[in-house]
Every structure is written in C-alpha cells, then in structure tokens.
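Asks: input-v5.pdb is the file, holding PDB, N, CA and C atoms, pLDDT in the B column:
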```pdb
ATOM      1  N   SER N   1       0.839  -1.181   0.000  1.00 52.00           N
ATOM      2  CA  SER N   1       0.000   0.000   0.000  1.00 52.00           C
ATOM      3  C   SER N   1       0.881   1.240   0.000  1.00 52.00           C
ATOM      4  N   GLY N   2       0.527   2.221  -0.823  1.00 65.00           N
ATOM      5  CA  GLY N   2       1.336   3.415  -0.959  1.00 65.00           C
ATOM      6  C   GLY N   2       1.004   4.472   0.072  1.00 65.00           C
ATOM      7  N   THR N   3       1.828   5.474   0.091  1.00 75.00           N
ATOM      8  CA  THR N   3       1.633   6.601   0.990  1.00 75.00           C
ATOM      9  C   THR N   3       0.527   7.487   0.437  1.00 75.00           C
ATOM     10  N   GLU N   4      -0.432   7.847   1.280  1.00 80.00           N
ATOM     11  CA  GLU N   4      -1.484   8.771   0.858  1.00 80.00           C
ATOM     12  C   GLU N   4      -0.994  10.199   1.079  1.00 80.00           C
ATOM     13  N   ARG N   5      -1.048  10.999   0.040  1.00 82.00           N
ATOM     14  CA  ARG N   5      -0.604  12.383   0.119  1.00 82.00           C
ATOM     15  C   ARG N   5      -1.808  13.310   0.089  1.00 82.00           C
ATOM     16  N   VAL N   6      -1.682  14.434   0.749  1.00 82.00           N
ATOM     17  CA  VAL N   6      -2.746  15.428   0.758  1.00 82.00           C
ATOM     18  C   VAL N   6      -2.498  16.383  -0.396  1.00 82.00           C
ATOM     19  N   ILE N   7      -3.489  16.556  -1.230  1.00 83.00           N
ATOM     20  CA  ILE N   7      -3.387  17.475  -2.360  1.00 83.00           C
ATOM     21  C   ILE N   7      -4.375  18.601  -2.117  1.00 83.00           C
ATOM     22  N   ASN N   8      -3.866  19.820  -2.096  1.00 82.00           N
ATOM     23  CA  ASN N   8      -4.709  20.994  -1.905  1.00 82.00           C
ATOM     24  C   ASN N   8      -4.938  21.655  -3.256  1.00 82.00           C
ATOM     25  N   TRP N   9      -6.146  21.628  -3.734  1.00 83.00           N
ATOM     26  CA  TRP N   9      -6.497  22.247  -5.003  1.00 83.00           C
ATOM     27  C   TRP N   9      -6.831  23.712  -4.744  1.00 83.00           C
ATOM     28  N   VAL N  10      -6.163  24.619  -5.417  1.00 83.00           N
ATOM     29  CA  VAL N  10      -6.475  26.037  -5.289  1.00 83.00           C
ATOM     30  C   VAL N  10      -7.577  26.370  -6.285  1.00 83.00           C
ATOM     31  N   ILE N  11      -7.275  26.201  -7.539  1.00 85.00           N
ATOM     32  CA  ILE N  11      -8.274  26.338  -8.603  1.00 85.00           C
ATOM     33  C   ILE N  11      -8.033  25.183  -9.559  1.00 85.00           C
ATOM     34  N   CYS N  12      -9.065  24.411  -9.806  1.00 86.00           N
ATOM     35  CA  CYS N  12      -8.916  23.274 -10.708  1.00 86.00           C
ATOM     36  C   CYS N  12     -10.233  23.054 -11.431  1.00 86.00           C
ATOM     37  N   GLU N  13     -10.178  23.060 -12.753  1.00 89.00           N
ATOM     38  CA  GLU N  13     -11.375  22.864 -13.553  1.00 89.00           C
ATOM     39  C   GLU N  13     -11.490  21.440 -14.092  1.00 89.00           C
ATOM     40  N   MET N  14     -10.650  20.547 -13.598  1.00 90.00           N
ATOM     41  CA  MET N  14     -10.715  19.157 -14.044  1.00 90.00           C
ATOM     42  C   MET N  14     -11.963  18.491 -13.473  1.00 90.00           C
ATOM     43  N   GLU N  15     -12.507  17.550 -14.238  1.00 94.00           N
ATOM     44  CA  GLU N  15     -13.631  16.762 -13.751  1.00 94.00           C
ATOM     45  C   GLU N  15     -13.152  15.857 -12.624  1.00 94.00           C
ATOM     46  N   GLU N  16     -14.087  15.430 -11.767  1.00 94.00           N
ATOM     47  CA  GLU N  16     -13.742  14.609 -10.612  1.00 94.00           C
ATOM     48  C   GLU N  16     -13.007  13.332 -11.005  1.00 94.00           C
ATOM     49  N   GLU N  17     -13.411  12.681 -12.094  1.00 96.00           N
ATOM     50  CA  GLU N  17     -12.755  11.445 -12.523  1.00 96.00           C
ATOM     51  C   GLU N  17     -11.272  11.697 -12.817  1.00 96.00           C
ATOM     52  N   LEU N  18     -10.964  12.784 -13.502  1.00 95.00           N
ATOM     53  CA  LEU N  18      -9.577  13.113 -13.810  1.00 95.00           C
ATOM     54  C   LEU N  18      -8.808  13.436 -12.540  1.00 95.00           C
ATOM     55  N   LYS N  19      -9.401  14.190 -11.643  1.00 94.00           N
ATOM     56  CA  LYS N  19      -8.726  14.520 -10.384  1.00 94.00           C
ATOM     57  C   LYS N  19      -8.450  13.254  -9.577  1.00 94.00           C
ATOM     58  N   ASN N  20      -9.418  12.341  -9.524  1.00 93.00           N
ATOM     59  CA  ASN N  20      -9.225  11.091  -8.786  1.00 93.00           C
ATOM     60  C   ASN N  20      -8.133  10.238  -9.422  1.00 93.00           C
ATOM     61  N   ASP N  21      -8.109  10.164 -10.759  1.00 95.00           N
ATOM     62  CA  ASP N  21      -7.037   9.432 -11.443  1.00 95.00           C
ATOM     63  C   ASP N  21      -5.676  10.053 -11.144  1.00 95.00           C
ATOM     64  N   PHE N  22      -5.617  11.376 -11.143  1.00 92.00           N
ATOM     65  CA  PHE N  22      -4.363  12.063 -10.852  1.00 92.00           C
ATOM     66  C   PHE N  22      -3.867  11.717  -9.450  1.00 92.00           C
ATOM     67  N   ILE N  23      -4.759  11.795  -8.475  1.00 91.00           N
ATOM     68  CA  ILE N  23      -4.378  11.496  -7.088  1.00 91.00           C
ATOM     69  C   ILE N  23      -3.879  10.056  -6.972  1.00 91.00           C
ATOM     70  N   LYS N  24      -4.569   9.116  -7.603  1.00 92.00           N
ATOM     71  CA  LYS N  24      -4.142   7.708  -7.555  1.00 92.00           C
ATOM     72  C   LYS N  24      -2.760   7.535  -8.171  1.00 92.00           C
ATOM     73  N   GLN N  25      -2.530   8.180  -9.315  1.00 92.00           N
ATOM     74  CA  GLN N  25      -1.238   8.042  -9.992  1.00 92.00           C
ATOM     75  C   GLN N  25      -0.117   8.665  -9.166  1.00 92.00           C
ATOM     76  N   VAL N  26      -0.369   9.825  -8.580  1.00 90.00           N
ATOM     77  CA  VAL N  26       0.650  10.476  -7.747  1.00 90.00           C
ATOM     78  C   VAL N  26       1.004   9.588  -6.564  1.00 90.00           C
ATOM     79  N   ASN N  27       0.000   9.062  -5.889  1.00 88.00           N
ATOM     80  CA  ASN N  27       0.267   8.222  -4.726  1.00 88.00           C
ATOM     81  C   ASN N  27       1.004   6.945  -5.103  1.00 88.00           C
ATOM     82  N   THR N  28       0.756   6.417  -6.279  1.00 89.00           N
ATOM     83  CA  THR N  28       1.445   5.214  -6.734  1.00 89.00           C
ATOM     84  C   THR N  28       2.883   5.510  -7.148  1.00 89.00           C
ATOM     85  N   ILE N  29       3.068   6.496  -7.991  1.00 90.00           N
ATOM     86  CA  ILE N  29       4.371   6.712  -8.614  1.00 90.00           C
ATOM     87  C   ILE N  29       5.392   7.331  -7.663  1.00 90.00           C
ATOM     88  N   MET N  30       4.959   8.148  -6.731  1.00 86.00           N
ATOM     89  CA  MET N  30       5.922   8.785  -5.834  1.00 86.00           C
ATOM     90  C   MET N  30       6.552   7.800  -4.868  1.00 86.00           C
ATOM     91  N   ASP N  31       5.940   6.634  -4.704  1.00 86.00           N
ATOM     92  CA  ASP N  31       6.546   5.590  -3.872  1.00 86.00           C
ATOM     93  C   ASP N  31       7.558   4.750  -4.646  1.00 86.00           C
ATOM     94  N   THR N  32       7.552   4.852  -5.987  1.00 89.00           N
ATOM     95  CA  THR N  32       8.432   3.991  -6.779  1.00 89.00           C
ATOM     96  C   THR N  32       9.463   4.735  -7.622  1.00 89.00           C
ATOM     97  N   LYS N  33       9.255   6.001  -7.897  1.00 88.00           N
ATOM     98  CA  LYS N  33      10.186   6.780  -8.731  1.00 88.00           C
ATOM     99  C   LYS N  33      10.861   7.851  -7.899  1.00 88.00           C
ATOM    100  N   ASP N  34      12.097   8.175  -8.252  1.00 85.00           N
ATOM    101  CA  ASP N  34      12.871   9.127  -7.473  1.00 85.00           C
ATOM    102  C   ASP N  34      12.969  10.517  -8.093  1.00 85.00           C
ATOM    103  N   THR N  35      12.959  10.600  -9.406  1.00 91.00           N
ATOM    104  CA  THR N  35      13.204  11.893 -10.032  1.00 91.00           C
ATOM    105  C   THR N  35      11.903  12.541 -10.487  1.00 91.00           C
ATOM    106  N   GLU N  36      11.914  13.858 -10.507  1.00 90.00           N
ATOM    107  CA  GLU N  36      10.754  14.606 -10.975  1.00 90.00           C
ATOM    108  C   GLU N  36      10.438  14.257 -12.428  1.00 90.00           C
ATOM    109  N   LYS N  37      11.488  14.039 -13.218  1.00 93.00           N
ATOM    110  CA  LYS N  37      11.308  13.677 -14.632  1.00 93.00           C
ATOM    111  C   LYS N  37      10.557  12.356 -14.762  1.00 93.00           C
ATOM    112  N   ASP N  38      10.944  11.341 -13.993  1.00 93.00           N
ATOM    113  CA  ASP N  38      10.274  10.039 -14.047  1.00 93.00           C
ATOM    114  C   ASP N  38       8.820  10.130 -13.597  1.00 93.00           C
ATOM    115  N   ILE N  39       8.565  10.927 -12.572  1.00 92.00           N
ATOM    116  CA  ILE N  39       7.200  11.102 -12.075  1.00 92.00           C
ATOM    117  C   ILE N  39       6.343  11.773 -13.147  1.00 92.00           C
ATOM    118  N   ALA N  40       6.847  12.843 -13.748  1.00 93.00           N
ATOM    119  CA  ALA N  40       6.105  13.558 -14.789  1.00 93.00           C
ATOM    120  C   ALA N  40       5.843  12.655 -15.996  1.00 93.00           C
ATOM    121  N   GLU N  41       6.847  11.876 -16.411  1.00 95.00           N
ATOM    122  CA  GLU N  41       6.678  10.974 -17.558  1.00 95.00           C
ATOM    123  C   GLU N  41       5.593   9.938 -17.284  1.00 95.00           C
ATOM    124  N   HIS N  42       5.557   9.398 -16.075  1.00 94.00           N
ATOM    125  CA  HIS N  42       4.544   8.400 -15.729  1.00 94.00           C
ATOM    126  C   HIS N  42       3.139   8.997 -15.779  1.00 94.00           C
ATOM    127  N   ILE N  43       2.957  10.156 -15.144  1.00 94.00           N
ATOM    128  CA  ILE N  43       1.630  10.776 -15.109  1.00 94.00           C
ATOM    129  C   ILE N  43       1.186  11.161 -16.508  1.00 94.00           C
ATOM    130  N   LYS N  44       2.069  11.742 -17.314  1.00 96.00           N
ATOM    131  CA  LYS N  44       1.738  12.115 -18.688  1.00 96.00           C
ATOM    132  C   LYS N  44       1.358  10.882 -19.501  1.00 96.00           C
ATOM    133  N   SER N  45       2.126   9.826 -19.381  1.00 96.00           N
ATOM    134  CA  SER N  45       1.857   8.597 -20.122  1.00 96.00           C
ATOM    135  C   SER N  45       0.488   8.019 -19.751  1.00 96.00           C
ATOM    136  N   PHE N  46       0.169   8.008 -18.464  1.00 96.00           N
ATOM    137  CA  PHE N  46      -1.132   7.506 -18.016  1.00 96.00           C
ATOM    138  C   PHE N  46      -2.268   8.317 -18.635  1.00 96.00           C
ATOM    139  N   PHE N  47      -2.180   9.646 -18.542  1.00 96.00           N
ATOM    140  CA  PHE N  47      -3.254  10.490 -19.068  1.00 96.00           C
ATOM    141  C   PHE N  47      -3.323  10.429 -20.598  1.00 96.00           C
ATOM    142  N   ASP N  48      -2.179  10.346 -21.265  1.00 97.00           N
ATOM    143  CA  ASP N  48      -2.178  10.203 -22.724  1.00 97.00           C
ATOM    144  C   ASP N  48      -2.881   8.921 -23.147  1.00 97.00           C
ATOM    145  N   SER N  49      -2.657   7.834 -22.414  1.00 97.00           N
ATOM    146  CA  SER N  49      -3.244   6.553 -22.819  1.00 97.00           C
ATOM    147  C   SER N  49      -4.722   6.457 -22.457  1.00 97.00           C
ATOM    148  N   LYS N  50      -5.126   7.040 -21.332  1.00 96.00           N
ATOM    149  CA  LYS N  50      -6.522   6.922 -20.906  1.00 96.00           C
ATOM    150  C   LYS N  50      -7.422   7.984 -21.520  1.00 96.00           C
ATOM    151  N   TYR N  51      -6.921   9.202 -21.648  1.00 94.00           N
ATOM    152  CA  TYR N  51      -7.756  10.323 -22.082  1.00 94.00           C
ATOM    153  C   TYR N  51      -7.324  10.922 -23.415  1.00 94.00           C
ATOM    154  N   THR N  52      -6.551  10.227 -24.184  1.00 91.00           N
ATOM    155  CA  THR N  52      -5.990  10.644 -25.475  1.00 91.00           C
ATOM    156  C   THR N  52      -4.950  11.743 -25.313  1.00 91.00           C
ATOM    157  N   PRO N  53      -3.945  11.712 -26.190  1.00 88.00           N
ATOM    158  CA  PRO N  53      -2.863  12.698 -26.117  1.00 88.00           C
ATOM    159  C   PRO N  53      -3.390  14.093 -26.450  1.00 88.00           C
ATOM    160  N   ASN N  54      -2.759  15.078 -26.138  1.00 92.00           N
ATOM    161  CA  ASN N  54      -1.418  15.385 -25.695  1.00 92.00           C
ATOM    162  C   ASN N  54      -1.466  16.132 -24.379  1.00 92.00           C
ATOM    163  N   TRP N  55      -1.228  15.439 -23.299  1.00 93.00           N
ATOM    164  CA  TRP N  55      -1.208  16.036 -21.967  1.00 93.00           C
ATOM    165  C   TRP N  55       0.180  16.596 -21.689  1.00 93.00           C
ATOM    166  N   HIS N  56       0.234  17.571 -20.806  1.00 91.00           N
ATOM    167  CA  HIS N  56       1.497  18.130 -20.326  1.00 91.00           C
ATOM    168  C   HIS N  56       1.528  17.933 -18.818  1.00 91.00           C
ATOM    169  N   CYS N  57       2.677  17.577 -18.298  1.00 90.00           N
ATOM    170  CA  CYS N  57       2.811  17.374 -16.863  1.00 90.00           C
ATOM    171  C   CYS N  57       4.130  17.974 -16.403  1.00 90.00           C
ATOM    172  N   VAL N  58       4.052  18.865 -15.419  1.00 87.00           N
ATOM    173  CA  VAL N  58       5.243  19.503 -14.859  1.00 87.00           C
ATOM    174  C   VAL N  58       5.309  19.135 -13.388  1.00 87.00           C
ATOM    175  N   VAL N  59       6.444  18.613 -12.958  1.00 88.00           N
ATOM    176  CA  VAL N  59       6.638  18.217 -11.567  1.00 88.00           C
ATOM    177  C   VAL N  59       7.863  18.947 -11.043  1.00 88.00           C
ATOM    178  N   GLY N  60       7.725  19.585  -9.895  1.00 84.00           N
ATOM    179  CA  GLY N  60       8.871  20.278  -9.326  1.00 84.00           C
ATOM    180  C   GLY N  60       8.477  21.074  -8.104  1.00 84.00           C
ATOM    181  N   LYS N  61       9.434  21.841  -7.618  1.00 80.00           N
ATOM    182  CA  LYS N  61       9.236  22.675  -6.434  1.00 80.00           C
ATOM    183  C   LYS N  61       9.509  24.127  -6.795  1.00 80.00           C
ATOM    184  N   HIS N  62       8.904  25.005  -6.054  1.00 75.00           N
ATOM    185  CA  HIS N  62       9.202  26.431  -6.129  1.00 75.00           C
ATOM    186  C   HIS N  62       8.975  27.024  -7.511  1.00 75.00           C
ATOM    187  N   PHE N  63       7.834  26.762  -8.085  1.00 71.00           N
ATOM    188  CA  PHE N  63       7.485  27.419  -9.331  1.00 71.00           C
ATOM    189  C   PHE N  63       5.986  27.666  -9.326  1.00 71.00           C
ATOM    190  N   ALA N  64       5.577  28.530 -10.188  1.00 71.00           N
ATOM    191  CA  ALA N  64       4.148  28.823 -10.324  1.00 71.00           C
ATOM    192  C   ALA N  64       3.855  28.942 -11.813  1.00 71.00           C
ATOM    193  N   SER N  65       2.612  28.725 -12.157  1.00 70.00           N
ATOM    194  CA  SER N  65       2.229  28.861 -13.542  1.00 70.00           C
ATOM    195  C   SER N  65       0.800  29.363 -13.626  1.00 70.00           C
ATOM    196  N   TYR N  66       0.496  29.941 -14.746  1.00 71.00           N
ATOM    197  CA  TYR N  66      -0.862  30.389 -15.032  1.00 71.00           C
ATOM    198  C   TYR N  66      -1.122  30.018 -16.471  1.00 71.00           C
ATOM    199  N   VAL N  67      -2.105  29.182 -16.692  1.00 72.00           N
ATOM    200  CA  VAL N  67      -2.375  28.691 -18.037  1.00 72.00           C
ATOM    201  C   VAL N  67      -3.802  29.058 -18.417  1.00 72.00           C
ATOM    202  N   THR N  68      -3.961  29.577 -19.604  1.00 74.00           N
ATOM    203  CA  THR N  68      -5.303  29.846 -20.111  1.00 74.00           C
ATOM    204  C   THR N  68      -5.514  29.016 -21.361  1.00 74.00           C
ATOM    205  N   TYR N  69      -6.748  28.832 -21.715  1.00 70.00           N
ATOM    206  CA  TYR N  69      -7.068  28.068 -22.915  1.00 70.00           C
ATOM    207  C   TYR N  69      -8.256  28.670 -23.609  1.00 70.00           C
TER     208      TYR N  69
END
```
What does this structure look like when you write it as structure tokens?

Replies:
Amino acid sequence: SGTERVINWVICEMEEELKNDFIKQVNTIMDTKDTEKDIAEHIKSFFDSKYTPNWHCVVGKHFASYVTY
C-alpha cells in the first residue's frame, strides 16, 4: 500500500474522474520513482493513454504557472 498524500487544489477545472485518477497516480508513482522527470513521464503517459494525447505534466518545487485556454 502506498503513501497517501494530501493534495490541496487552489483552482482546478478538471472533472472529478480526472482529479481522482491524478491522485491515484501520484500516490502510486511517488513511492516507486525518485526523479521529478520520471514522475512527470509516468503521469503524462497515463493520461495520454486513458484520455488521449497530448497532456502536459510539470513536476517540481518552487514554481508557479498560469495557463489559459
């Protein structure tokens, strides 16, 4: 069983199913991968395969972003 992490959503327009998948993937992969690159690749690959490409995933500390569509 993996470590359960607390995720605080500030603003998120993702549907609940996507948010739940994200939380599951984060809790799974952070127990098995060490680098931010490996974690991002895993999450992107999961979302690309389940919800069709082209997802972007950024993993890291001390950064902020603002994305519009």

Asks: Go ahead and find all residues with at least one atom no further than 8 Å from (3.9, 17.9, -16.1) in the file's coordinates, using all atoms listed in the file; report them as a PDB file with N, CA and C atoms, in the frame of the given file.

Replies:
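That gives us out.pdb:
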```pdb
ATOM      1  N   ILE N  39       8.565  10.927 -12.572  1.00 92.00           N
ATOM      2  CA  ILE N  39       7.200  11.102 -12.075  1.00 92.00           C
ATOM      3  C   ILE N  39       6.343  11.773 -13.147  1.00 92.00           C
ATOM      4  N   ALA N  40       6.847  12.843 -13.748  1.00 93.00           N
ATOM      5  CA  ALA N  40       6.105  13.558 -14.789  1.00 93.00           C
ATOM      6  C   ALA N  40       5.843  12.655 -15.996  1.00 93.00           C
ATOM      7  N   GLU N  41       6.847  11.876 -16.411  1.00 95.00           N
ATOM      8  CA  GLU N  41       6.678  10.974 -17.558  1.00 95.00           C
ATOM      9  C   GLU N  41       5.593   9.938 -17.284  1.00 95.00           C
ATOM     10  N   ILE N  43       2.957  10.156 -15.144  1.00 94.00           N
ATOM     11  CA  ILE N  43       1.630  10.776 -15.109  1.00 94.00           C
ATOM     12  C   ILE N  43       1.186  11.161 -16.508  1.00 94.00           C
ATOM     13  N   LYS N  44       2.069  11.742 -17.314  1.00 96.00           N
ATOM     14  CA  LYS N  44       1.738  12.115 -18.688  1.00 96.00           C
ATOM     15  C   LYS N  44       1.358  10.882 -19.501  1.00 96.00           C
ATOM     16  N   TRP N  55      -1.228  15.439 -23.299  1.00 93.00           N
ATOM     17  CA  TRP N  55      -1.208  16.036 -21.967  1.00 93.00           C
ATOM     18  C   TRP N  55       0.180  16.596 -21.689  1.00 93.00           C
ATOM     19  N   HIS N  56       0.234  17.571 -20.806  1.00 91.00           N
ATOM     20  CA  HIS N  56       1.497  18.130 -20.326  1.00 91.00           C
ATOM     21  C   HIS N  56       1.528  17.933 -18.818  1.00 91.00           C
ATOM     22  N   CYS N  57       2.677  17.577 -18.298  1.00 90.00           N
ATOM     23  CA  CYS N  57       2.811  17.374 -16.863  1.00 90.00           C
ATOM     24  C   CYS N  57       4.130  17.974 -16.403  1.00 90.00           C
ATOM     25  N   VAL N  58       4.052  18.865 -15.419  1.00 87.00           N
ATOM     26  CA  VAL N  58       5.243  19.503 -14.859  1.00 87.00           C
ATOM     27  C   VAL N  58       5.309  19.135 -13.388  1.00 87.00           C
ATOM     28  N   VAL N  59       6.444  18.613 -12.958  1.00 88.00           N
ATOM     29  CA  VAL N  59       6.638  18.217 -11.567  1.00 88.00           C
ATOM     30  C   VAL N  59       7.863  18.947 -11.043  1.00 88.00           C
ATOM     31  N   GLY N  60       7.725  19.585  -9.895  1.00 84.00           N
ATOM     32  CA  GLY N  60       8.871  20.278  -9.326  1.00 84.00           C
ATOM     33  C   GLY N  60       8.477  21.074  -8.104  1.00 84.00           C
TER      34      GLY N  60
END
```

Asks: Which residues in chain N does DSSP call helix (DSSP H, G or I)? List them as a ChimeraX atom specification.

Replies: /N:16-29,36-51

Asks: Residues at most 8 Å from stretch 19-30 of chain N, counting all atoms listed in the file, excluding those fewer than 6 positions away in the same chain, as JSON, numbers by chain?

Replies: {"N": [1, 2, 3, 4, 5, 7, 13, 38, 39, 42, 43]}

Asks: For a test of reading the model, state the distance in Å between atom C of N:Thr68 and atom C of N:Asp34, rounded to one decimal.

Replies: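 Computing the Euclidean distance for atom C of N:Thr68 and atom C of N:Asp34 yields 29.3 Å.
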
Asks: If you measure from atom CA of N:Val67 to atom CA of N:Trp9, what distance in Å do you get, rounded to one decimal?

Replies: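 Taking atom CA of N:Val67 and atom CA of N:Trp9, their separation equals 15.1 Å.
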
Asks: Quote the spacing between atom N of N:Tyr66 and atom CA of N:Met14 in Å to one decimal place.

Replies: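 Going from atom N of N:Tyr66 over to atom CA of N:Met14 covers 15.6 Å.
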
Asks: Write out as JSON an axis-aligned box for stretch 18-28 of chain N: all of its atoms listed in the file, 5 Å added on each side, centre and edge lengths in Å with one decimal.

Replies:
```
{"center_x": -4.0, "center_y": 9.9, "center_z": -9.3, "size_x": 23.8, "size_y": 19.3, "size_z": 19.1}
```

Asks: Once you've located stretch 18-30 of chain N in the structure I gave, write it as a compact mmCIF listing (two decimals), in the first residue's frame, keeping N, CA, C and O atoms.

Replies:
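Saved result, out20.txt, follows:
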```txt
# COMPACT_ATOMS: atom_id res chain seq x y z
N LEU N 18 -10.96 12.78 -13.50
CA LEU N 18 -9.58 13.11 -13.81
C LEU N 18 -8.81 13.44 -12.54
O LEU N 18 -7.66 13.00 -12.37
N LYS N 19 -9.40 14.19 -11.64
CA LYS N 19 -8.73 14.52 -10.38
C LYS N 19 -8.45 13.25 -9.58
O LYS N 19 -7.35 13.09 -9.03
N ASN N 20 -9.42 12.34 -9.52
CA ASN N 20 -9.23 11.09 -8.79
C ASN N 20 -8.13 10.24 -9.42
O ASN N 20 -7.32 9.64 -8.71
N ASP N 21 -8.11 10.16 -10.76
CA ASP N 21 -7.04 9.43 -11.44
C ASP N 21 -5.68 10.05 -11.14
O ASP N 21 -4.69 9.36 -10.92
N PHE N 22 -5.62 11.38 -11.14
CA PHE N 22 -4.36 12.06 -10.85
C PHE N 22 -3.87 11.72 -9.45
O PHE N 22 -2.71 11.36 -9.25
N ILE N 23 -4.76 11.80 -8.47
CA ILE N 23 -4.38 11.50 -7.09
C ILE N 23 -3.88 10.06 -6.97
O ILE N 23 -2.85 9.79 -6.33
N LYS N 24 -4.57 9.12 -7.60
CA LYS N 24 -4.14 7.71 -7.55
C LYS N 24 -2.76 7.54 -8.17
O LYS N 24 -1.91 6.82 -7.63
N GLN N 25 -2.53 8.18 -9.32
CA GLN N 25 -1.24 8.04 -9.99
C GLN N 25 -0.12 8.67 -9.17
O GLN N 25 0.97 8.11 -9.06
N VAL N 26 -0.37 9.82 -8.58
CA VAL N 26 0.65 10.48 -7.75
C VAL N 26 1.00 9.59 -6.56
O VAL N 26 2.18 9.38 -6.26
N ASN N 27 0.00 9.06 -5.89
CA ASN N 27 0.27 8.22 -4.73
C ASN N 27 1.00 6.95 -5.10
O ASN N 27 1.82 6.45 -4.34
N THR N 28 0.76 6.42 -6.28
CA THR N 28 1.44 5.21 -6.73
C THR N 28 2.88 5.51 -7.15
O THR N 28 3.82 4.85 -6.70
N ILE N 29 3.07 6.50 -7.99
CA ILE N 29 4.37 6.71 -8.61
C ILE N 29 5.39 7.33 -7.66
O ILE N 29 6.58 7.04 -7.75
N MET N 30 4.96 8.15 -6.73
CA MET N 30 5.92 8.79 -5.83
C MET N 30 6.55 7.80 -4.87
O MET N 30 7.58 8.08 -4.28
```
